[in-house]
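*Asks:* Supplied structure: entry16.cif, mmCIF, C-alpha atoms.
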data_entry
loop_
_atom_site.label_atom_id
_atom_site.label_comp_id
_atom_site.auth_asym_id
_atom_site.auth_seq_id
_atom_site.Cartn_x
_atom_site.Cartn_y
_atom_site.Cartn_z
CA MET A 142 -24.74 20.81 -30.51
CA VAL A 143 -23.14 17.54 -29.41
CA LEU A 144 -19.80 18.20 -27.69
CA VAL A 145 -18.98 14.73 -26.35
CA TYR A 146 -20.74 11.42 -27.07
CA PRO A 147 -18.60 8.30 -26.37
CA PRO A 148 -21.10 5.72 -27.79
CA ASP A 149 -20.76 7.31 -31.24
CA PRO A 150 -17.96 9.91 -31.58
CA SER A 151 -19.04 10.59 -35.17
CA LEU A 152 -21.99 12.56 -33.76
CA VAL A 153 -19.70 15.13 -32.09
CA GLY A 154 -20.34 18.48 -33.74
CA SER A 155 -23.81 17.56 -34.98
CA ASN A 156 -27.02 19.26 -33.90
CA TRP A 157 -29.26 17.07 -31.76
CA GLY A 158 -32.41 19.11 -31.62
CA PRO A 159 -35.31 18.83 -31.84
CA LEU A 160 -35.34 15.21 -30.69
CA VAL A 161 -38.86 13.94 -29.90
CA ASP A 162 -39.12 10.56 -28.19
CA ARG A 163 -42.00 8.05 -28.38
CA PHE A 164 -43.64 9.71 -25.36
CA GLY A 165 -43.87 12.97 -27.28
CA THR A 166 -41.11 14.65 -25.28
CA ASP A 167 -38.52 16.80 -27.02
CA PHE A 168 -35.44 15.50 -25.21
CA VAL A 169 -33.27 18.56 -25.87
CA ALA A 170 -36.01 21.06 -25.08
CA GLU A 171 -36.81 19.23 -21.83
CA VAL A 172 -33.18 19.34 -20.71
CA TYR A 173 -32.96 23.09 -21.20
CA ARG A 174 -36.42 23.68 -19.75
CA MET A 175 -35.23 21.91 -16.61
CA MET A 176 -31.96 23.87 -16.56
CA ASP A 177 -33.96 27.12 -16.63
CA VAL A 178 -35.59 26.03 -13.34
CA VAL A 179 -32.73 24.26 -11.55
CA ASP A 180 -29.03 23.76 -12.21
CA GLU A 181 -29.22 19.96 -12.12
CA GLY A 182 -31.77 17.18 -11.89
CA TRP A 183 -33.38 13.98 -13.19
CA PHE A 184 -35.48 13.62 -16.33
CA ASN A 185 -37.22 10.63 -17.91
CA TYR A 186 -37.57 9.91 -21.61
CA SER A 187 -37.23 7.20 -24.25
CA PHE A 188 -33.96 6.63 -26.07
CA ARG A 189 -32.38 4.03 -28.34
CA ASN A 190 -30.49 1.49 -26.23
CA PRO A 191 -27.33 0.63 -28.19
CA ALA A 192 -27.20 -2.78 -26.44
CA THR A 193 -30.62 -3.86 -27.73
CA GLY A 194 -31.26 -1.53 -30.67
CA ARG A 195 -34.69 -0.69 -29.20
CA HIS A 196 -36.09 2.56 -27.88
CA GLU A 197 -36.52 2.04 -24.14
CA PRO A 198 -37.44 4.16 -21.08
CA LYS A 199 -34.39 5.89 -19.65
CA ALA A 200 -33.65 8.09 -16.64
CA SER A 201 -30.76 10.55 -16.75
CA TYR A 202 -29.18 13.03 -14.40
CA ALA A 203 -27.80 16.25 -15.87
CA ARG A 204 -26.23 19.43 -14.62
CA GLU A 205 -25.41 22.73 -16.27
CA MET A 206 -21.80 23.77 -16.73
CA ASP A 207 -19.63 26.26 -18.58
CA TRP A 208 -17.93 24.91 -21.71
CA ASN A 209 -15.31 27.38 -22.96
CA GLY A 210 -17.60 30.28 -22.16
CA HIS A 211 -20.75 28.65 -23.52
CA ARG A 212 -23.74 27.19 -21.71
CA ALA A 213 -23.65 23.39 -21.78
CA VAL A 214 -25.11 20.37 -20.01
CA VAL A 215 -23.29 17.20 -18.93
CA GLY A 216 -25.23 14.08 -18.01
CA ALA A 217 -25.44 10.31 -17.83
CA GLY A 218 -28.31 7.87 -17.61
CA LEU A 219 -29.62 4.36 -17.09
CA TYR A 220 -32.20 2.33 -18.97
CA SER A 221 -35.15 1.17 -16.88
CA GLY A 222 -33.95 -2.42 -16.63
CA ASP A 223 -30.62 -1.22 -15.23
CA LEU A 224 -32.00 1.22 -12.68
CA PRO A 225 -31.10 0.51 -9.05
CA GLY A 226 -34.27 -0.20 -7.14
CA THR A 227 -36.26 -1.33 -10.18
CA CYS A 228 -37.69 -3.66 -7.58
CA HIS A 229 -39.50 -6.25 -9.66
CA PRO A 230 -40.55 -9.01 -7.21
CA SER A 231 -39.09 -11.75 -9.40
CA GLU A 232 -35.68 -10.04 -9.37
CA VAL A 233 -35.53 -8.62 -5.84
CA ASN A 234 -36.80 -10.86 -3.06
CA ALA A 235 -35.73 -12.53 0.19
CA THR A 236 -35.25 -15.96 -1.38
CA ILE A 237 -32.67 -14.70 -3.88
CA LEU A 238 -30.76 -12.92 -1.12
CA GLU A 239 -31.05 -15.94 1.19
CA GLU A 240 -29.70 -18.37 -1.39
CA ASN A 241 -27.11 -16.09 -3.01
CA PRO A 242 -26.12 -13.41 -0.49
CA SER A 243 -23.86 -10.56 -1.59
CA ASP A 244 -23.39 -6.91 -0.73
CA ALA A 245 -24.90 -5.84 -4.05
CA ARG A 246 -28.03 -7.99 -3.56
CA LEU A 247 -28.33 -6.81 0.04
CA ARG A 248 -28.21 -3.14 -0.98
CA GLU A 249 -30.83 -3.70 -3.68
CA PHE A 250 -33.09 -5.65 -1.32
CA VAL A 251 -32.93 -2.94 1.36
CA HIS A 252 -33.36 -0.14 -1.14
CA CYS A 253 -36.52 -1.74 -2.52
CA ALA A 254 -37.91 -2.33 0.99
CA ALA A 255 -37.22 1.31 1.82
CA ILE A 256 -39.17 2.41 -1.26
CA GLN A 257 -42.07 0.28 -0.03
CA VAL A 258 -42.03 2.03 3.35
CA GLU A 259 -41.65 5.48 1.82
CA SER A 260 -44.71 4.90 -0.36
CA GLY A 261 -46.85 3.06 2.22
CA GLY A 262 -45.70 4.60 5.50
CA PHE A 263 -45.74 2.64 8.74
CA PHE A 264 -48.58 0.50 7.38
CA SER A 265 -45.87 -1.27 5.35
CA GLY A 266 -44.35 -2.74 8.51
CA PRO A 267 -46.69 -5.75 8.83
CA VAL A 268 -46.27 -6.54 5.12
CA LEU A 269 -42.48 -6.41 5.30
CA SER A 270 -42.59 -8.55 8.45
CA SER A 271 -44.67 -11.38 6.98
CA ASP A 272 -44.79 -11.34 3.17
CA PRO A 273 -42.66 -14.15 1.63
CA ARG A 274 -41.13 -11.62 -0.73
CA TRP A 275 -39.46 -9.91 2.24
CA LEU A 276 -39.04 -12.91 4.56
CA ASP A 277 -37.30 -16.21 3.92
CA ARG A 278 -35.60 -18.21 6.67
CA SER A 279 -32.78 -16.01 8.05
CA THR A 280 -33.40 -13.16 5.61
CA TYR A 281 -35.81 -10.48 6.79
CA VAL A 282 -36.36 -6.71 6.86
CA PHE A 283 -36.32 -4.51 9.95
CA GLY A 284 -37.15 -0.89 10.69
CA VAL A 285 -35.42 0.96 13.54
CA ASP A 286 -35.80 4.46 14.98
CA PRO A 287 -32.25 5.88 14.68
CA VAL A 288 -32.73 8.15 17.69
CA SER A 289 -34.20 5.77 20.28
CA GLY A 290 -33.13 2.43 18.82
CA ALA A 291 -36.72 1.19 19.10
CA VAL A 292 -37.57 -1.52 16.59
CA GLY A 293 -40.60 -0.44 14.57
CA PHE A 294 -40.97 -3.76 12.77
CA SER A 295 -38.96 -6.90 12.09
CA GLY A 296 -39.42 -10.10 10.16
CA SER A 297 -37.70 -11.85 13.08
CA PRO A 298 -39.40 -10.70 16.29
CA SER A 299 -37.29 -13.07 18.38
CA SER A 300 -34.15 -11.21 17.31
CA PHE A 301 -35.11 -8.18 19.39
CA ALA A 302 -37.63 -9.75 21.75
CA VAL A 303 -35.70 -9.03 24.96
CA SER A 304 -35.44 -5.25 24.75
CA GLY A 305 -37.48 -4.28 21.70
CA ARG A 306 -34.58 -2.16 20.49
CA ILE A 307 -31.14 -2.47 18.91
CA PRO A 308 -28.69 -3.12 21.77
CA GLU A 309 -25.32 -1.38 21.70
CA VAL A 310 -23.62 -4.63 22.68
CA LEU A 311 -24.07 -5.77 19.08
CA PHE A 312 -21.46 -3.27 18.03
CA GLY A 313 -18.92 -3.60 20.84
CA GLY A 314 -19.97 -0.37 22.50
CA ARG A 315 -19.99 1.64 19.25
CA ASN A 316 -23.24 3.49 18.68
CA ALA A 317 -24.01 2.34 15.15
CA LEU A 318 -27.39 4.07 15.26
CA LYS A 319 -25.87 7.47 15.91
CA ALA A 320 -23.15 6.82 13.34
CA SER A 321 -25.79 5.97 10.72
CA GLU A 322 -28.01 8.98 11.42
CA PRO A 323 -26.09 11.59 9.35
CA PHE A 324 -25.78 9.32 6.31
CA ARG A 325 -28.40 7.98 3.93
CA TYR A 326 -26.77 4.54 3.73
CA SER A 327 -24.62 2.57 6.16
CA TYR A 328 -23.13 -0.89 6.59
CA TRP A 329 -23.05 -2.61 9.99
CA TYR A 330 -20.55 -5.39 10.73
CA TYR A 331 -21.13 -7.20 14.00
CA ASN A 332 -21.60 -10.47 15.89
CA PHE A 333 -25.21 -11.48 16.37
CA THR A 334 -26.82 -14.30 18.36
CA ASN A 335 -28.79 -16.36 15.89
CA PRO A 336 -32.17 -17.01 17.57
CA ALA A 337 -32.47 -20.31 15.70
CA THR A 338 -29.18 -21.74 16.97
CA GLY A 339 -28.31 -19.63 20.01
CA GLU A 340 -24.81 -19.19 18.58
CA ALA A 341 -23.02 -15.89 18.01
CA GLU A 342 -22.41 -15.44 14.29
CA ALA A 343 -20.86 -12.76 12.14
CA LYS A 344 -23.40 -10.65 10.27
CA ILE A 345 -23.35 -7.93 7.64
CA SER A 346 -26.30 -5.55 7.57
CA PHE A 347 -27.11 -2.61 5.35
CA VAL A 348 -29.49 0.19 6.35
CA ASP A 349 -31.18 2.91 4.35
CA ARG A 350 -32.22 6.06 6.22
CA ILE A 351 -35.59 7.38 5.06
CA LEU A 352 -38.28 9.73 6.34
CA VAL A 353 -41.73 8.39 7.18
CA ASN A 354 -44.34 11.01 8.03
CA GLY A 355 -41.47 13.40 8.70
CA ARG A 356 -39.71 11.01 11.11
CA PRO A 357 -36.39 9.27 10.37
CA LEU A 358 -36.34 5.49 10.06
CA LEU A 359 -33.55 3.05 9.30
CA VAL A 360 -34.77 0.23 7.05
CA GLY A 361 -32.35 -2.67 6.83
CA SER A 362 -31.57 -6.32 6.36
CA GLY A 363 -28.50 -8.54 6.64
CA TYR A 364 -26.84 -11.87 6.00
CA ASP A 365 -24.25 -14.19 7.49
CA PRO A 366 -21.06 -13.86 5.37
CA ASN A 367 -19.86 -17.31 6.47
CA ARG A 368 -22.97 -19.10 5.34
#
Give the structure from this file in structure tokens form.
*Replies:*
Amino acid sequence: MVLVYPPDPSLVGSNWGPLVDRFGTDFVAEVYRMMDVVDEGWFNYSFRNPATGRHEPKASYAREMDWNGHRAVVGAGLYSGDLPGTCHPSEVNATILEENPSDARLREFVHCAAIQVESGGFFSGPVLSSDPRWLDRSTYVFGVDPVSGAVGFSGSPSSFAVSGRIPEVLFGGRNALKASEPFRYSYWYYNFTNPATGEAEAKISFVDRILVNGRPLLVGSGYDPNR
């Protein structure tokens, strides 16, 4: 029974099951099957996109709740083309970030690089350090051990060539590594000596904390906001 449906309020009060998508999945049955195992979670299915009128792959997150004494589920979802981290090379790459930097593009770029490392492990380091998709002029990806500060890989070796680790001086004495460790995502704002010019420049970096072979790793990238 549909309790709330903003895209089409006329459906409120109607029965939505069974509802079999083009993958053969009964959408309603799958939601309640999942709720019998866990109280909340992700599920994938096909659904009519009101923006295009086509049935398209969709990912939704739902959780069980009490609705006036009855069992109910509340959820929301995204179509595949709207999913963060869709990561198509033509849409997420170093050149786009280099030529049109923004916080949103930086987050997406780092998130997609992190997915690459999560799926490929430390073997992804050389690829992220040299592939044109992940390296263009001043835009590159780096991987840092959040405990020791050791740089696992970087598309700009000269940036950390002196010590091989992230120096605290970048952050005015603040330990950005330790501050980032408890969180999955973190922004860093700091002055950085551009190895190409030798000048100190403002920089915004974004890091994504992941686990690689059970060990934490900060995957990140950045841009000059004054460029």
*Asks:* In Å to one decimal, how far is atom CA of Ser327 of chain A from atom CA of Ala343 of chain A?
*Replies:*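 Rounded to one decimal, the two atoms are 16.9 Å apart.
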*Asks:* Which residues would end up in the selection if the PyMOL selection byres ((chain A and resi 244-250) around 9) were applied here, given that I need the answer as a CSV table (one decimal) with C-alpha atoms, in the coordinates of the input?
*Replies:*
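Once written, expr20.csv looks like this:
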chain,number,residue,atom,x,y,z
A,225,PRO,CA,-31.1,0.5,-9.0
A,226,GLY,CA,-34.3,-0.2,-7.1
A,227,THR,CA,-36.3,-1.3,-10.2
A,228,CYS,CA,-37.7,-3.7,-7.6
A,233,VAL,CA,-35.5,-8.6,-5.8
A,234,ASN,CA,-36.8,-10.9,-3.1
A,235,ALA,CA,-35.7,-12.5,0.2
A,237,ILE,CA,-32.7,-14.7,-3.9
A,238,LEU,CA,-30.8,-12.9,-1.1
A,241,ASN,CA,-27.1,-16.1,-3.0
A,242,PRO,CA,-26.1,-13.4,-0.5
A,243,SER,CA,-23.9,-10.6,-1.6
A,251,VAL,CA,-32.9,-2.9,1.4
A,252,HIS,CA,-33.4,-0.1,-1.1
A,253,CYS,CA,-36.5,-1.7,-2.5
A,254,ALA,CA,-37.9,-2.3,1.0
A,255,ALA,CA,-37.2,1.3,1.8
A,275,TRP,CA,-39.5,-9.9,2.2
A,282,VAL,CA,-36.4,-6.7,6.9
A,345,ILE,CA,-23.4,-7.9,7.6
A,346,SER,CA,-26.3,-5.6,7.6
A,347,PHE,CA,-27.1,-2.6,5.4
A,348,VAL,CA,-29.5,0.2,6.4
A,349,ASP,CA,-31.2,2.9,4.4
A,361,GLY,CA,-32.4,-2.7,6.8
A,362,SER,CA,-31.6,-6.3,6.4
A,363,GLY,CA,-28.5,-8.5,6.6
A,364,TYR,CA,-26.8,-11.9,6.0
*Asks:* I need the residue nearest Asp207 of chain A from this list: A:Gly194, A:Leu269, A:Asp180, A:Ser260. Use only C-alpha atoms for the distance.
*Replies:*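 Smallest separation from Asp207 of chain A among the options: A:Asp180.
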*Asks:* May I ask which of the residues A:Asp365, A:Glu340, A:Asp286, A:Asp272 is the closest one to Arg306 of chain A, counting all atoms listed in the file?
*Replies:*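 Of A:Asp365, A:Glu340, A:Asp286, A:Asp272, the one nearest Arg306 of chain A, counting all atoms listed in the file, is A:Asp286.
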*Asks:* I need the residue nearest Pro357 of chain A from this list: A:Trp329, A:Ser300, A:Ile307, A:Gly262. Use only C-alpha atoms for the distance.
*Replies:*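 Using only C-alpha atoms, Pro357 of chain A sits closest to A:Gly262.
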*Asks:* Using all atoms listed in the file, which residue out of A:Val268, A:Leu318, A:Leu352, A:Leu219 lies closest to Gly296 of chain A?
*Replies:* A:Val268
*Asks:* Take the PyMOL selection byres ((chain A and resi 181) around 9), apply it to the structure above, and return the hits as a PyMOL selection string.
*Replies:* chain A and resi 175-176+178-180+182-183+202-205+214
*Asks:* Take the PyMOL selection byres ((chain A and resi 160-166) around 9), apply it to the structure above, and return the hits as a list of chain:residue names.
*Replies:*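 With the PyMOL selection byres ((chain A and resi 160-166) around 9) on this model, the match is A:Trp157, A:Gly158, A:Pro159, A:Asp167, A:Phe168, A:Val169, A:Ala170, A:Glu171, A:Tyr186, A:Ser187, A:Phe188, A:His196.
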*Asks:* Find the distance between atom CA of Arg356 of chain A and atom CA of Ser289 of chain A and write it in Å to one decimal.
*Replies:*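 We find that atom CA of Arg356 of chain A and atom CA of Ser289 of chain A lie 11.9 Å from each other.
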*Asks:* For segment 219-361 of chain A, write C-alpha atoms out as a compact mmCIF listing (two decimals), in the first residue's frame.
*Replies:*
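Output file decode.txt is given in full below:
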# COMPACT_ATOMS: atom_id res chain seq x y z
CA LEU A 219 18.93 7.46 -7.78
CA TYR A 220 18.95 6.41 -11.42
CA SER A 221 22.24 4.99 -12.65
CA GLY A 222 23.21 8.12 -14.58
CA ASP A 223 22.77 10.21 -11.42
CA LEU A 224 24.68 7.95 -9.06
CA PRO A 225 27.72 9.50 -7.37
CA GLY A 226 30.79 7.63 -8.47
CA THR A 227 29.29 6.37 -11.73
CA CYS A 228 32.86 6.92 -12.85
CA HIS A 229 32.60 6.80 -16.62
CA PRO A 230 36.04 7.89 -17.94
CA SER A 231 34.50 10.43 -20.31
CA GLU A 232 32.68 12.12 -17.42
CA VAL A 233 35.21 11.80 -14.59
CA ASN A 234 38.84 12.44 -15.47
CA ALA A 235 41.80 14.65 -14.59
CA THR A 236 41.40 16.91 -17.63
CA ILE A 237 37.86 17.92 -16.70
CA LEU A 238 38.94 18.69 -13.13
CA GLU A 239 42.05 20.52 -14.35
CA GLU A 240 40.12 22.75 -16.74
CA ASN A 241 36.99 23.26 -14.63
CA PRO A 242 37.90 22.73 -10.97
CA SER A 243 35.15 22.71 -8.35
CA ASP A 244 34.51 21.00 -5.04
CA ALA A 245 31.85 18.78 -6.60
CA ARG A 246 34.16 17.64 -9.43
CA LEU A 247 36.99 17.11 -6.95
CA ARG A 248 34.83 14.90 -4.71
CA GLU A 249 33.67 12.84 -7.69
CA PHE A 250 37.21 12.48 -9.04
CA VAL A 251 38.57 11.29 -5.68
CA HIS A 252 35.63 8.99 -5.06
CA CYS A 253 36.15 7.28 -8.42
CA ALA A 254 39.90 6.94 -7.80
CA ALA A 255 39.15 5.40 -4.40
CA ILE A 256 36.85 2.85 -6.03
CA GLN A 257 39.71 1.95 -8.38
CA VAL A 258 42.03 1.33 -5.43
CA GLU A 259 39.42 -0.61 -3.47
CA SER A 260 38.88 -2.94 -6.42
CA GLY A 261 42.52 -3.25 -7.53
CA GLY A 262 44.41 -2.88 -4.25
CA PHE A 263 47.89 -1.37 -4.12
CA PHE A 264 48.49 -2.50 -7.71
CA SER A 265 46.30 0.47 -8.70
CA GLY A 266 48.96 2.92 -7.50
CA PRO A 267 51.12 2.89 -10.66
CA VAL A 268 48.02 3.27 -12.84
CA LEU A 269 46.71 6.22 -10.85
CA SER A 270 50.19 7.78 -10.92
CA SER A 271 50.63 7.65 -14.70
CA ASP A 272 47.37 7.08 -16.59
CA PRO A 273 46.18 10.28 -18.38
CA ARG A 274 42.73 9.72 -16.95
CA TRP A 275 44.10 10.37 -13.46
CA LEU A 276 46.95 12.75 -14.31
CA ASP A 277 46.84 16.03 -16.21
CA ARG A 278 49.25 18.89 -15.50
CA SER A 279 48.65 19.98 -11.87
CA THR A 280 45.83 17.50 -11.29
CA TYR A 281 46.86 14.12 -9.90
CA VAL A 282 45.87 11.45 -7.38
CA PHE A 283 47.79 10.52 -4.25
CA GLY A 284 47.53 7.78 -1.64
CA VAL A 285 48.73 8.37 1.93
CA ASP A 286 48.95 6.15 5.00
CA PRO A 287 46.89 8.09 7.59
CA VAL A 288 48.91 6.70 10.49
CA SER A 289 52.50 7.25 9.32
CA GLY A 290 51.95 9.92 6.68
CA ALA A 291 53.95 7.84 4.20
CA VAL A 292 53.00 8.50 0.59
CA GLY A 293 52.03 5.21 -1.06
CA PHE A 294 51.72 6.70 -4.54
CA SER A 295 51.43 10.09 -6.20
CA GLY A 296 51.00 11.41 -9.71
CA SER A 297 53.46 14.16 -8.74
CA PRO A 298 56.49 12.48 -7.14
CA SER A 299 58.30 15.82 -6.84
CA SER A 300 55.58 17.08 -4.50
CA PHE A 301 56.72 14.75 -1.73
CA ALA A 302 60.23 13.95 -2.93
CA VAL A 303 62.04 15.42 0.08
CA SER A 304 60.50 13.34 2.86
CA GLY A 305 58.31 10.80 1.11
CA ARG A 306 55.47 11.70 3.45
CA ILE A 307 52.92 14.44 4.09
CA PRO A 308 54.69 17.10 6.19
CA GLU A 309 52.78 18.73 9.04
CA VAL A 310 54.08 22.13 7.95
CA LEU A 311 51.52 22.04 5.15
CA PHE A 312 48.79 22.50 7.71
CA GLY A 313 50.38 25.04 10.05
CA GLY A 314 51.14 22.47 12.72
CA ARG A 315 47.66 20.88 12.59
CA ASN A 316 47.77 17.13 12.11
CA ALA A 317 45.39 16.80 9.18
CA LEU A 318 46.17 13.09 8.88
CA LYS A 319 45.02 12.35 12.41
CA ALA A 320 42.00 14.61 11.98
CA SER A 321 41.01 12.72 8.82
CA GLU A 322 41.44 9.24 10.29
CA PRO A 323 38.06 8.97 12.11
CA PHE A 324 36.08 10.23 9.10
CA ARG A 325 35.44 8.67 5.71
CA TYR A 326 35.81 11.99 3.88
CA SER A 327 37.76 15.15 4.66
CA TYR A 328 38.73 18.46 3.06
CA TRP A 329 42.21 19.93 3.50
CA TYR A 330 42.84 23.66 3.03
CA TYR A 331 46.50 24.65 3.03
CA ASN A 332 49.39 26.44 1.34
CA PHE A 333 51.51 24.24 -0.88
CA THR A 334 54.77 24.86 -2.74
CA ASN A 335 54.05 24.25 -6.40
CA PRO A 336 56.99 22.14 -7.66
CA ALA A 337 56.59 23.65 -11.13
CA THR A 338 56.94 27.27 -9.98
CA GLY A 339 58.53 27.05 -6.54
CA GLU A 340 55.84 29.41 -5.24
CA ALA A 341 53.57 28.79 -2.26
CA GLU A 342 49.98 28.58 -3.46
CA ALA A 343 46.64 27.97 -1.81
CA LYS A 344 45.27 24.48 -2.39
CA ILE A 345 42.07 22.60 -1.67
CA SER A 346 42.32 18.82 -1.38
CA PHE A 347 39.73 16.18 -0.71
CA VAL A 348 40.55 12.74 0.69
CA ASP A 349 38.54 9.53 0.89
CA ARG A 350 39.50 7.04 3.60
CA ILE A 351 39.31 3.44 2.39
CA LEU A 352 40.64 0.05 3.45
CA VAL A 353 43.12 -1.79 1.23
CA ASN A 354 43.95 -5.33 2.32
CA GLY A 355 42.66 -4.40 5.76
CA ARG A 356 44.88 -1.30 6.03
CA PRO A 357 43.58 2.29 5.98
CA LEU A 358 44.55 4.55 3.10
CA LEU A 359 43.67 8.14 2.28
CA VAL A 360 43.11 8.59 -1.46
CA GLY A 361 42.99 12.22 -2.53
